[in-house]
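Here is the file query.cif (mmCIF, C-alpha atoms and all ligand atoms).
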data_query
loop_
_atom_site.group_PDB
_atom_site.id
_atom_site.type_symbol
_atom_site.label_atom_id
_atom_site.label_comp_id
_atom_site.auth_asym_id
_atom_site.auth_seq_id
_atom_site.Cartn_x
_atom_site.Cartn_y
_atom_site.Cartn_z
ATOM 1 C CA MET A 1 12.333 21.291 6.496
ATOM 2 C CA THR A 2 10.720 21.173 9.908
ATOM 3 C CA GLU A 3 8.727 18.020 10.513
ATOM 4 C CA ALA A 4 5.438 18.225 12.382
ATOM 5 C CA VAL A 5 5.614 16.009 15.440
ATOM 6 C CA ALA A 6 2.594 14.485 17.150
ATOM 7 C CA LEU A 7 2.758 12.805 20.535
ATOM 8 C CA ARG A 8 1.404 9.313 20.689
ATOM 9 C CA PRO A 9 -0.302 8.362 23.935
ATOM 10 C CA ALA A 10 2.185 6.738 26.288
ATOM 11 C CA THR A 11 1.451 3.136 27.190
ATOM 12 C CA ALA A 12 1.920 1.550 30.633
ATOM 13 C CA ASP A 13 5.112 -0.078 29.325
ATOM 14 C CA ASP A 14 6.444 3.283 28.156
ATOM 15 C CA ALA A 15 5.782 4.760 31.594
ATOM 16 C CA LYS A 16 7.527 1.832 33.347
ATOM 17 C CA ALA A 17 10.563 2.044 31.064
ATOM 18 C CA LEU A 18 10.840 5.784 31.576
ATOM 19 C CA ALA A 19 10.488 5.468 35.369
ATOM 20 C CA ALA A 20 13.262 2.849 35.419
ATOM 21 C CA LEU A 21 15.553 5.145 33.459
ATOM 22 C CA VAL A 22 14.846 8.101 35.732
ATOM 23 C CA ASN A 23 15.502 5.971 38.817
ATOM 24 C CA ALA A 24 18.741 4.709 37.334
ATOM 25 C CA ALA A 25 19.824 8.270 36.551
ATOM 26 C CA PHE A 26 19.034 9.270 40.171
ATOM 27 C CA ARG A 27 21.136 6.412 41.483
ATOM 28 C CA VAL A 28 24.045 7.649 39.356
ATOM 29 C CA GLU A 29 23.593 11.194 40.673
ATOM 30 C CA ARG A 30 23.392 10.117 44.336
ATOM 31 C CA ALA A 31 26.347 7.727 44.373
ATOM 32 C CA PRO A 32 29.139 9.400 42.436
ATOM 33 C CA ALA A 33 31.778 7.965 44.757
ATOM 34 C CA MET A 34 30.724 4.423 43.992
ATOM 35 C CA LEU A 35 31.079 5.010 40.270
ATOM 36 C CA GLY A 36 34.474 6.652 40.519
ATOM 37 C CA GLY A 37 36.013 7.431 37.137
ATOM 38 C CA MET A 38 33.019 6.013 35.269
ATOM 39 C CA ASP A 39 30.687 8.644 36.784
ATOM 40 C CA SER A 40 30.424 11.213 34.002
ATOM 41 C CA GLN A 41 30.598 8.613 31.266
ATOM 42 C CA ARG A 42 27.689 6.617 32.745
ATOM 43 C CA ARG A 43 25.684 9.750 33.411
ATOM 44 C CA ARG A 44 26.068 10.707 29.763
ATOM 45 C CA PHE A 45 24.854 7.227 28.845
ATOM 46 C CA MET A 46 21.850 7.579 31.148
ATOM 47 C CA ASN A 47 21.011 10.988 29.723
ATOM 48 C CA ALA A 48 21.279 9.693 26.189
ATOM 49 C CA THR A 49 19.102 6.660 26.994
ATOM 50 C CA ALA A 50 16.477 8.796 28.692
ATOM 51 C CA GLY A 51 16.587 11.081 25.648
ATOM 52 C CA LEU A 52 15.910 8.106 23.397
ATOM 53 C CA ALA A 53 12.979 7.061 25.566
ATOM 54 C CA LEU A 54 11.498 10.544 25.350
ATOM 55 C CA ALA A 55 12.108 10.614 21.607
ATOM 56 C CA ALA A 56 10.237 7.322 21.312
ATOM 57 C CA LEU A 57 7.277 8.825 23.148
ATOM 58 C CA ALA A 58 7.270 11.795 20.795
ATOM 59 C CA ARG A 59 7.587 9.780 17.593
ATOM 60 C CA PRO A 60 6.534 11.633 14.430
ATOM 61 C CA ALA A 61 2.932 11.018 13.385
ATOM 62 C CA GLN A 62 4.062 9.633 10.020
ATOM 63 C CA GLY A 63 5.314 6.428 11.561
ATOM 64 C CA GLN A 64 1.897 5.846 13.102
ATOM 65 C CA ALA A 65 -0.206 6.363 10.045
ATOM 66 C CA LYS A 66 0.212 2.937 8.518
ATOM 67 C CA LYS A 67 0.088 0.872 11.652
ATOM 68 C CA GLY A 68 -3.484 1.586 12.711
ATOM 69 C CA ALA A 69 -2.312 3.774 15.573
ATOM 70 C CA PRO A 70 -4.698 6.037 17.475
ATOM 71 C CA PRO A 71 -5.940 8.940 15.344
ATOM 72 C CA GLY A 72 -3.776 12.025 15.170
ATOM 73 C CA PRO A 73 -3.218 14.679 12.527
ATOM 74 C CA ARG A 74 -3.342 12.773 9.245
ATOM 75 C CA PRO A 75 -0.215 13.250 7.125
ATOM 76 C CA ARG A 76 -0.705 14.037 3.456
ATOM 77 C CA PRO A 77 0.541 11.294 1.110
ATOM 78 C CA GLU A 78 3.502 13.371 -0.040
ATOM 79 C CA GLU A 79 4.556 13.898 3.593
ATOM 80 C CA ILE A 80 4.690 10.206 4.392
ATOM 81 C CA GLU A 81 8.153 8.835 4.921
ATOM 82 C CA HIS A 82 8.586 5.148 4.286
ATOM 83 C CA GLU A 83 10.307 4.329 7.509
ATOM 84 C CA GLU A 84 9.026 0.788 7.797
ATOM 85 C CA GLU A 85 10.520 -1.971 5.753
ATOM 86 C CA ILE A 86 8.065 -3.686 3.479
ATOM 87 C CA SER A 87 8.920 -6.969 1.803
ATOM 88 C CA ALA A 88 8.326 -7.355 -1.923
ATOM 89 C CA PRO A 89 5.316 -9.731 -1.532
ATOM 90 C CA GLU A 90 3.682 -7.480 1.093
ATOM 91 C CA ASP A 91 4.150 -4.491 -1.195
ATOM 92 C CA LEU A 92 2.540 -6.294 -4.138
ATOM 93 C CA MET A 93 -0.270 -7.726 -2.004
ATOM 94 C CA ARG A 94 -1.356 -4.380 -0.639
ATOM 95 C CA GLU A 95 -1.339 -3.047 -4.197
ATOM 96 C CA HIS A 96 -3.720 -5.903 -4.969
ATOM 97 C CA GLY A 97 -5.916 -4.308 -2.305
ATOM 98 C CA VAL A 98 -6.084 -1.163 -4.456
ATOM 99 C CA LEU A 99 -6.896 -3.326 -7.481
ATOM 100 C CA ASN A 100 -9.692 -5.052 -5.531
ATOM 101 C CA ARG A 101 -11.216 -1.707 -4.674
ATOM 102 C CA ILE A 102 -11.070 -0.771 -8.372
ATOM 103 C CA LEU A 103 -12.908 -4.015 -9.228
ATOM 104 C CA LEU A 104 -15.574 -3.010 -6.719
ATOM 105 C CA ILE A 105 -15.924 0.381 -8.435
ATOM 106 C CA TYR A 106 -16.281 -1.291 -11.841
ATOM 107 C CA GLU A 107 -18.931 -3.598 -10.356
ATOM 108 C CA GLU A 108 -20.883 -0.654 -8.991
ATOM 109 C CA GLY A 109 -20.688 1.098 -12.382
ATOM 110 C CA LEU A 110 -21.950 -2.068 -14.115
ATOM 111 C CA ARG A 111 -24.772 -2.448 -11.583
ATOM 112 C CA ARG A 112 -25.937 1.097 -12.309
ATOM 113 C CA LEU A 113 -25.743 0.629 -16.071
ATOM 114 C CA ARG A 114 -27.799 -2.575 -15.856
ATOM 115 C CA ALA A 115 -30.341 -0.811 -13.678
ATOM 116 C CA GLY A 116 -30.742 1.729 -16.494
ATOM 117 C CA GLY A 117 -29.639 4.689 -14.395
ATOM 118 C CA ALA A 118 -27.671 7.702 -15.612
ATOM 119 C CA VAL A 119 -23.988 6.806 -15.419
ATOM 120 C CA ASP A 120 -21.222 9.239 -16.263
ATOM 121 C CA ALA A 121 -18.322 8.055 -18.398
ATOM 122 C CA GLU A 122 -15.934 9.011 -15.618
ATOM 123 C CA VAL A 123 -17.330 6.258 -13.362
ATOM 124 C CA PHE A 124 -15.338 3.929 -15.614
ATOM 125 C CA HIS A 125 -12.710 6.272 -17.001
ATOM 126 C CA LYS A 126 -11.321 7.328 -13.620
ATOM 127 C CA PRO A 127 -10.683 3.819 -12.275
ATOM 128 C CA ALA A 128 -9.350 2.742 -15.695
ATOM 129 C CA THR A 129 -6.846 5.626 -15.553
ATOM 130 C CA LEU A 130 -5.728 4.406 -12.118
ATOM 131 C CA VAL A 131 -5.438 0.868 -13.479
ATOM 132 C CA ARG A 132 -3.226 2.097 -16.307
ATOM 133 C CA GLY A 133 -0.931 4.242 -14.140
ATOM 134 C CA PHE A 134 -0.737 2.301 -10.897
ATOM 135 C CA VAL A 135 -1.600 -1.317 -11.713
ATOM 136 C CA GLU A 136 -0.390 -1.907 -15.273
ATOM 137 C CA ASP A 137 2.500 0.517 -15.704
ATOM 138 C CA TYR A 138 3.816 0.162 -12.160
ATOM 139 C CA HIS A 139 2.658 -2.942 -10.229
ATOM 140 C CA GLU A 140 2.630 -5.310 -13.203
ATOM 141 C CA HIS A 141 5.821 -3.820 -14.548
ATOM 142 C CA LEU A 142 7.484 -4.780 -11.238
ATOM 143 C CA GLU A 143 6.066 -8.306 -11.424
ATOM 144 C CA GLU A 144 7.241 -8.728 -14.997
ATOM 145 C CA THR A 145 10.694 -7.313 -14.321
ATOM 146 C CA PHE A 146 11.533 -8.754 -10.910
ATOM 147 C CA ILE A 147 9.175 -11.647 -10.100
ATOM 148 C CA PHE A 148 8.143 -13.632 -13.175
ATOM 149 C CA PRO A 149 11.711 -14.115 -14.513
ATOM 150 C CA ARG A 150 12.558 -16.012 -11.271
ATOM 151 C CA PHE A 151 10.032 -18.666 -12.300
ATOM 152 C CA LYS A 152 11.236 -19.231 -15.862
ATOM 153 C CA SER A 153 11.934 -22.868 -15.011
ATOM 154 C CA GLY A 154 10.487 -25.126 -12.343
ATOM 155 C CA PRO A 155 6.958 -26.131 -11.335
ATOM 156 C CA LEU A 156 5.522 -22.577 -11.534
ATOM 157 C CA ALA A 157 6.906 -21.726 -14.986
ATOM 158 C CA GLU A 158 3.552 -22.319 -16.664
ATOM 159 C CA LEU A 159 1.733 -20.174 -14.099
ATOM 160 C CA ALA A 160 4.176 -17.308 -14.681
ATOM 161 C CA VAL A 161 3.524 -17.508 -18.433
ATOM 162 C CA VAL A 162 -0.258 -17.360 -17.922
ATOM 163 C CA LEU A 163 0.054 -14.439 -15.491
ATOM 164 C CA LYS A 164 2.090 -12.468 -18.041
ATOM 165 C CA LYS A 165 -0.410 -13.324 -20.786
ATOM 166 C CA GLN A 166 -3.183 -11.995 -18.543
ATOM 167 C CA HIS A 167 -1.313 -8.730 -17.961
ATOM 168 C CA ASP A 168 -1.216 -8.239 -21.742
ATOM 169 C CA ALA A 169 -4.909 -9.103 -22.050
ATOM 170 C CA GLY A 170 -5.722 -6.716 -19.181
ATOM 171 C CA ARG A 171 -3.956 -3.862 -20.969
ATOM 172 C CA ARG A 172 -6.025 -4.460 -24.107
ATOM 173 C CA VAL A 173 -9.203 -4.439 -22.025
ATOM 174 C CA THR A 174 -8.188 -1.211 -20.284
ATOM 175 C CA ASP A 175 -7.529 0.352 -23.710
ATOM 176 C CA VAL A 176 -11.181 -0.306 -24.562
ATOM 177 C CA VAL A 177 -12.458 1.301 -21.335
ATOM 178 C CA LEU A 178 -10.201 4.341 -21.774
ATOM 179 C CA GLN A 179 -11.313 4.795 -25.385
ATOM 180 C CA GLN A 180 -15.048 4.170 -24.964
ATOM 181 C CA ALA A 181 -15.752 5.627 -21.527
ATOM 182 C CA VAL A 182 -15.343 9.256 -22.562
ATOM 183 C CA ALA A 183 -17.973 11.984 -22.649
ATOM 184 C CA GLY A 184 -19.765 11.999 -26.015
ATOM 185 C CA THR A 185 -18.744 8.479 -27.053
ATOM 186 C CA PHE A 186 -20.163 6.864 -23.923
ATOM 187 C CA SER A 187 -23.692 8.035 -24.710
ATOM 188 C CA ARG A 188 -23.749 5.613 -27.676
ATOM 189 C CA PRO A 189 -25.268 2.218 -26.731
ATOM 190 C CA GLU A 190 -22.488 0.336 -28.595
ATOM 191 C CA ALA A 191 -19.838 2.149 -26.589
ATOM 192 C CA ARG A 192 -21.617 1.268 -23.335
ATOM 193 C CA GLN A 193 -21.841 -2.357 -24.413
ATOM 194 C CA GLU A 194 -18.117 -2.429 -25.131
ATOM 195 C CA VAL A 195 -17.351 -0.941 -21.705
ATOM 196 C CA ILE A 196 -19.649 -3.485 -20.031
ATOM 197 C CA ARG A 197 -17.966 -6.391 -21.823
ATOM 198 C CA ALA A 198 -14.508 -5.015 -21.064
ATOM 199 C CA CYS A 199 -15.164 -4.465 -17.351
ATOM 200 C CA GLU A 200 -16.815 -7.870 -16.942
ATOM 201 C CA ALA A 201 -13.810 -9.540 -18.574
ATOM 202 C CA PHE A 202 -11.415 -7.499 -16.452
ATOM 203 C CA ILE A 203 -13.131 -8.422 -13.169
ATOM 204 C CA ARG A 204 -13.459 -12.084 -14.119
ATOM 205 C CA MET A 205 -9.771 -12.350 -14.981
ATOM 206 C CA TYR A 206 -8.227 -10.275 -12.218
ATOM 207 C CA ARG A 207 -9.912 -11.907 -9.202
ATOM 208 C CA PRO A 208 -8.316 -15.311 -9.855
ATOM 209 C CA HIS A 209 -5.158 -13.643 -11.218
ATOM 210 C CA GLU A 210 -4.304 -11.744 -8.063
ATOM 211 C CA ALA A 211 -5.515 -14.584 -5.823
ATOM 212 C CA ARG A 212 -3.111 -16.968 -7.570
ATOM 213 C CA GLU A 213 -0.256 -14.514 -7.187
ATOM 214 C CA ASP A 214 -1.026 -13.986 -3.479
ATOM 215 C CA THR A 215 -1.443 -17.647 -2.583
ATOM 216 C CA VAL A 216 0.943 -19.449 -4.927
ATOM 217 C CA LEU A 217 3.518 -17.291 -6.689
ATOM 218 C CA PHE A 218 4.502 -14.782 -3.998
ATOM 219 C CA PRO A 219 4.845 -17.366 -1.188
ATOM 220 C CA ALA A 220 7.049 -19.438 -3.528
ATOM 221 C CA LEU A 221 9.366 -16.469 -3.999
ATOM 222 C CA TYR A 222 10.999 -17.183 -0.627
ATOM 223 C CA ARG A 223 11.892 -20.697 -1.759
ATOM 224 C CA VAL A 224 13.237 -19.557 -5.122
ATOM 225 C CA VAL A 225 15.396 -16.565 -4.174
ATOM 226 C CA GLY A 226 15.653 -16.661 -0.375
ATOM 227 C CA ALA A 227 14.614 -14.201 2.324
ATOM 228 C CA ARG A 228 17.552 -11.830 1.827
ATOM 229 C CA GLU A 229 16.871 -11.246 -1.847
ATOM 230 C CA VAL A 230 13.143 -10.893 -1.153
ATOM 231 C CA LYS A 231 14.054 -8.069 1.217
ATOM 232 C CA GLU A 232 16.324 -6.461 -1.386
ATOM 233 C CA LEU A 233 13.498 -6.658 -3.904
ATOM 234 C CA GLY A 234 11.324 -4.777 -1.404
ATOM 235 C CA ASP A 235 13.928 -1.992 -1.374
ATOM 236 C CA HIS A 236 13.929 -1.937 -5.189
ATOM 237 C CA PHE A 237 10.157 -1.646 -5.246
ATOM 238 C CA GLU A 238 10.213 1.154 -2.723
ATOM 239 C CA ALA A 239 12.782 3.078 -4.789
ATOM 240 C CA GLU A 240 10.784 2.546 -7.972
ATOM 241 C CA GLU A 241 7.588 3.728 -6.264
ATOM 242 C CA ARG A 242 9.342 6.914 -5.186
ATOM 243 C CA ARG A 243 10.874 7.456 -8.616
ATOM 244 C CA ARG A 244 7.486 7.172 -10.311
ATOM 245 C CA PHE A 245 5.111 8.787 -7.849
ATOM 246 C CA GLY A 246 7.247 10.676 -5.319
ATOM 247 C CA ALA A 247 6.840 10.006 -1.600
ATOM 248 C CA GLY A 248 3.687 8.123 -0.569
ATOM 249 C CA GLY A 249 2.832 6.665 -3.987
ATOM 250 C CA PHE A 250 0.779 3.832 -2.515
ATOM 251 C CA GLU A 251 -1.067 6.196 -0.176
ATOM 252 C CA LYS A 252 -1.888 8.485 -3.095
ATOM 253 C CA ALA A 253 -3.398 5.544 -5.001
ATOM 254 C CA VAL A 254 -5.452 4.566 -1.922
ATOM 255 C CA GLU A 255 -6.618 8.146 -1.541
ATOM 256 C CA GLU A 256 -7.604 8.288 -5.185
ATOM 257 C CA VAL A 257 -9.562 5.047 -5.049
ATOM 258 C CA ALA A 258 -11.256 6.190 -1.818
ATOM 259 C CA GLY A 259 -12.246 9.438 -3.550
ATOM 260 C CA ILE A 260 -13.940 7.541 -6.391
ATOM 261 C CA GLU A 261 -15.752 5.313 -3.863
ATOM 262 C CA LYS A 262 -16.987 8.412 -2.073
ATOM 263 C CA GLN A 263 -18.208 9.945 -5.322
ATOM 264 C CA LEU A 264 -20.129 6.737 -6.072
ATOM 265 C CA GLY A 265 -21.568 6.502 -2.562
ATOM 266 C CA ILE A 266 -19.900 3.158 -1.790
ATOM 267 C CA ALA A 267 -17.336 4.435 0.705
ATOM 268 C CA ASP A 268 -19.188 3.217 3.809
ATOM 269 C CA LEU A 269 -17.711 -0.217 4.532
ATOM 270 C CA ASP A 270 -20.492 -1.089 6.942
ATOM 271 C CA ALA A 271 -23.021 -0.777 4.126
ATOM 272 C CA PHE A 272 -21.605 -4.086 2.844
ATOM 273 C CA THR A 273 -22.409 -5.897 6.099
ATOM 274 C CA PRO A 274 -25.377 -8.297 5.773
ATOM 275 C CA ARG A 275 -28.290 -7.251 8.034
HETATM 276 FE FE FE B 301 -0.013 -9.907 -11.991
HETATM 277 FE FE FE B 302 -0.185 -8.566 -9.109
#

Written form, structure tokens:
Amino acid sequence: MTEAVALRPATADDAKALAALVNAAFRVERAPAMLGGMDSQRRRFMNATAGLALAALARPAQGQAKKGAPPGPRPRPEEIEHEEEISAPEDLMREHGVLNRILLIYEEGLRRLRAGGAVDAEVFHKPATLVRGFVEDYHEHLEETFIFPRFKSGPLAELAVVLKKQHDAGRRVTDVVLQQAVAGTFSRPEARQEVIRACEAFIRMYRPHEAREDTVLFPALYRVVGAREVKELGDHFEAEERRRFGAGGFEKAVEEVAGIEKQLGIADLDAFTPR
């Protein structure tokens, strides 16, 4: 398959490096006698190096997308290649970012319900579906399979037990949202009350839950298993993400959550800035 290639703007350093290579190649061309038998071999080296420099300047757009590079054609999630290496904690933490955005969506839904406005069931059902598929069945499954067992003994054993207990509680809460926030049922006041209670409990539990994982459990992982195994875990996670969602699983989840935000009119980040 042919890959679309976008040029990134060359930096001053790129230009300097390229100029040095070109000059070096010229020196090789102009002084063949000096180089003797090494001439053709070194010229091949220079050509190859210059080729690498040019290739670096014309890096595929995919590599840029996640590093906040200047805007170019935006790759679709399924086109994104995971070239960069992401450690297991970084992977889990950025998934917490998706979860945080879901909490924000729940909060907006609750705010509208309390204000007595018309709120569609899907305002809750859509994020709950993303919670089930991306957070509970994938992210938490990884934590329960690869992270929590490393803390079975030691000072964080109790924390790991509570975190697992909260995953189970979260799944029960999500069951309620998925069952009650459906067209027809959701028009009943009791169903709305159940969804309100469930979402409030979910938000209240998950803020401290993910904060504790980010600040206590994940940093401790390096002490418990060592940097090399943390890196290997990152590879495992990446493979599992691909197996479940195909290429760009994380990006698809971000796109989905952004779509719900847009639908709710809370996509403008600057709207959250105090005036
Ligand atoms: Fe967790
Ligand atoms: Fe987590």

### Query
Can you list, as a VMD selection string, the residues that the PyMOL selection byres (((not hetatm)) within 7 of (chain B and resi 301)) selects here?
chain A and resid 140 143 163 to 164 167 209 to 210 213

### Query
Between atom CA of A:Glu255 and atom CA of A:Arg192, what is the spacing in Å?
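Atom CA of A:Arg192 sits 27.3 Å away from atom CA of A:Glu255.
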
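Between atom CA of A:Glu229 and atom CA of A:Thr145 the interatomic distance comes to 14.5 Å.
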
Where does chain A meet ligand FE 302 (chain B) within 12 Å, residue by residue, with the nearest atom pair and distance in Å to one decimal for each, counting all atoms listed in the file, listed by chain and rising number, as a tab-separated table?
residue	atom	partner	partner_atom	distance
A:Ala88	CA	B:FE302	FE	11.2
A:Pro89	CA	B:FE302	FE	9.4
A:Glu90	CA	B:FE302	FE	11.0
A:Asp91	CA	B:FE302	FE	9.9
A:Leu92	CA	B:FE302	FE	6.1
A:Met93	CA	B:FE302	FE	7.2
A:Arg94	CA	B:FE302	FE	9.5
A:Glu95	CA	B:FE302	FE	7.5
A:His96	CA	B:FE302	FE	6.1
A:Gly97	CA	B:FE302	FE	9.9
A:Val98	CA	B:FE302	FE	10.5
A:Leu99	CA	B:FE302	FE	8.7
A:Asn100	CA	B:FE302	FE	10.7
A:Val131	CA	B:FE302	FE	11.6
A:Phe134	CA	B:FE302	FE	11.0
A:Val135	CA	B:FE302	FE	7.8
A:Glu136	CA	B:FE302	FE	9.1
A:Asp137	CA	B:FE302	FE	11.5
A:Tyr138	CA	B:FE302	FE	10.1
A:His139	CA	B:FE302	FE	6.4
A:Glu140	CA	B:FE302	FE	5.9
A:His141	CA	B:FE302	FE	9.4
A:Leu142	CA	B:FE302	FE	8.8
A:Glu143	CA	B:FE302	FE	6.7
A:Glu144	CA	B:FE302	FE	9.5
A:Phe146	CA	B:FE302	FE	11.9
A:Ile147	CA	B:FE302	FE	9.9
A:Phe148	CA	B:FE302	FE	10.6
A:Ala160	CA	B:FE302	FE	11.2
A:Leu163	CA	B:FE302	FE	8.7
A:Lys164	CA	B:FE302	FE	10.0
A:Gln166	CA	B:FE302	FE	10.5
A:His167	CA	B:FE302	FE	8.9
A:Gly170	CA	B:FE302	FE	11.6
A:Met205	CA	B:FE302	FE	11.9
A:Tyr206	CA	B:FE302	FE	8.8
A:Arg207	CA	B:FE302	FE	10.3
A:Pro208	CA	B:FE302	FE	10.6
A:His209	CA	B:FE302	FE	7.4
A:Glu210	CA	B:FE302	FE	5.3
A:Ala211	CA	B:FE302	FE	8.7
A:Arg212	CA	B:FE302	FE	9.0
A:Glu213	CA	B:FE302	FE	6.3
A:Asp214	CA	B:FE302	FE	7.9
A:Thr215	CA	B:FE302	FE	11.3
A:Val216	CA	B:FE302	FE	11.7
A:Leu217	CA	B:FE302	FE	9.8
A:Phe218	CA	B:FE302	FE	9.3

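Between atom CA of A:Arg171 and atom CA of A:Arg204 the interatomic distance comes to 14.3 Å.
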
Can you spell out as a PDB file with C-alpha atoms, keeping the file's coordinate frame the set of residues that the PyMOL selection byres (((chain A and resi 122) around 10) and not hetatm) selects in the structure I just provided?
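The new file out-v6.pdb reads:
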ATOM      1  CA  GLY A 109     -20.688   1.098 -12.382  1.00  0.00           C
ATOM      2  CA  VAL A 119     -23.988   6.806 -15.419  1.00  0.00           C
ATOM      3  CA  ASP A 120     -21.222   9.239 -16.263  1.00  0.00           C
ATOM      4  CA  ALA A 121     -18.322   8.055 -18.398  1.00  0.00           C
ATOM      5  CA  VAL A 123     -17.330   6.258 -13.362  1.00  0.00           C
ATOM      6  CA  PHE A 124     -15.338   3.929 -15.614  1.00  0.00           C
ATOM      7  CA  HIS A 125     -12.710   6.272 -17.001  1.00  0.00           C
ATOM      8  CA  LYS A 126     -11.321   7.328 -13.620  1.00  0.00           C
ATOM      9  CA  PRO A 127     -10.683   3.819 -12.275  1.00  0.00           C
ATOM     10  CA  ALA A 128      -9.350   2.742 -15.695  1.00  0.00           C
ATOM     11  CA  THR A 129      -6.846   5.626 -15.553  1.00  0.00           C
ATOM     12  CA  LEU A 178     -10.201   4.341 -21.774  1.00  0.00           C
ATOM     13  CA  ALA A 181     -15.752   5.627 -21.527  1.00  0.00           C
ATOM     14  CA  VAL A 182     -15.343   9.256 -22.562  1.00  0.00           C
ATOM     15  CA  ALA A 183     -17.973  11.984 -22.649  1.00  0.00           C
ATOM     16  CA  PHE A 186     -20.163   6.864 -23.923  1.00  0.00           C
ATOM     17  CA  ILE A 260     -13.940   7.541  -6.391  1.00  0.00           C
TER      18      ILE A 260
END

### Query
Once you count all atoms listed in the file, which residues end up no further than 12 Å from (-12.7, 5.8, -0.5) in the file's frame, shown as a PyMOL selection string?
chain A and resi 98+101-102+104-105+251-269

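The closest residue to A:Val173, picked from A:Gln193, A:Ala201, A:Gly249, A:Arg242 and counting all atoms listed in the file, is A:Ala201.
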
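For the choices A:Phe202, A:Leu156, A:Ala191, A:Gly117, the atom-to-atom distance to A:Pro219 is smallest for A:Leu156 when using all atoms listed in the file.
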
Draw an axis-aligned box over all listed atoms of stretch 83-93 of chain A, pad each side with 5 Å, and write its centre and edge lengths in Å, one decimal, as JSON.
{"center_x": 5.1, "center_y": -2.7, "center_z": 1.8, "size_x": 20.8, "size_y": 24.1, "size_z": 21.9}

#### Entry: Shortest interatomic distance to A:Glu232 - which of A:Gln180, A:Thr273, A:Ile86, A:Glu158, counting all atoms listed in the file
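Using all atoms listed in the file, the shortest distance to A:Glu232 belongs to A:Ile86.
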
### Message
Which residue is closest to A:Arg228? Choose from A:Glu200, A:Ser87, A:Val176, A:Arg132 and count all atoms listed in the file.
### Response
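Selected residue with least distance to A:Arg228: A:Ser87.
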
#### Entry: Test item: residues at most 9 Å from A:Arg150, all atoms listed in the file, excluding those fewer than 6 positions along its chain, as an MDAnalysis selection string
chainID A and resid 157 221 224:225

Please output stretch 197-208 of chain A, rebuilt to include N, CA and C atoms, as an mmCIF file, in the frame of the given file.
data_model
loop_
_atom_site.group_PDB
_atom_site.id
_atom_site.type_symbol
_atom_site.label_atom_id
_atom_site.label_comp_id
_atom_site.auth_asym_id
_atom_site.auth_seq_id
_atom_site.Cartn_x
_atom_site.Cartn_y
_atom_site.Cartn_z
ATOM 1 N N ARG A 197 -18.697 -5.140 -21.516
ATOM 2 C CA ARG A 197 -17.966 -6.391 -21.823
ATOM 3 C C ARG A 197 -16.540 -6.324 -21.289
ATOM 4 N N ALA A 198 -15.904 -5.167 -21.492
ATOM 5 C CA ALA A 198 -14.508 -5.015 -21.064
ATOM 6 C C ALA A 198 -14.384 -5.122 -19.542
ATOM 7 N N CYS A 199 -15.248 -4.442 -18.822
ATOM 8 C CA CYS A 199 -15.164 -4.465 -17.351
ATOM 9 C C CYS A 199 -15.494 -5.847 -16.791
ATOM 10 N N GLU A 200 -16.486 -6.507 -17.401
ATOM 11 C CA GLU A 200 -16.815 -7.870 -16.942
ATOM 12 C C GLU A 200 -15.618 -8.797 -17.135
ATOM 13 N N ALA A 201 -14.973 -8.680 -18.290
ATOM 14 C CA ALA A 201 -13.810 -9.540 -18.574
ATOM 15 C C ALA A 201 -12.662 -9.217 -17.616
ATOM 16 N N PHE A 202 -12.500 -7.947 -17.338
ATOM 17 C CA PHE A 202 -11.415 -7.499 -16.452
ATOM 18 C C PHE A 202 -11.607 -8.066 -15.039
ATOM 19 N N ILE A 203 -12.835 -7.936 -14.531
ATOM 20 C CA ILE A 203 -13.131 -8.422 -13.169
ATOM 21 C C ILE A 203 -12.952 -9.935 -13.103
ATOM 22 N N ARG A 204 -13.515 -10.609 -14.115
ATOM 23 C CA ARG A 204 -13.459 -12.084 -14.119
ATOM 24 C C ARG A 204 -12.011 -12.575 -14.142
ATOM 25 N N MET A 205 -11.162 -11.896 -14.888
ATOM 26 C CA MET A 205 -9.771 -12.350 -14.981
ATOM 27 C C MET A 205 -8.957 -11.968 -13.740
ATOM 28 N N TYR A 206 -9.153 -10.744 -13.254
ATOM 29 C CA TYR A 206 -8.227 -10.275 -12.218
ATOM 30 C C TYR A 206 -8.464 -10.865 -10.841
ATOM 31 N N ARG A 207 -9.702 -11.295 -10.523
ATOM 32 C CA ARG A 207 -9.912 -11.907 -9.202
ATOM 33 C C ARG A 207 -9.047 -13.156 -9.067
ATOM 34 N N PRO A 208 -9.176 -14.127 -9.991
ATOM 35 C CA PRO A 208 -8.316 -15.311 -9.855
ATOM 36 C C PRO A 208 -6.837 -14.988 -10.077
#
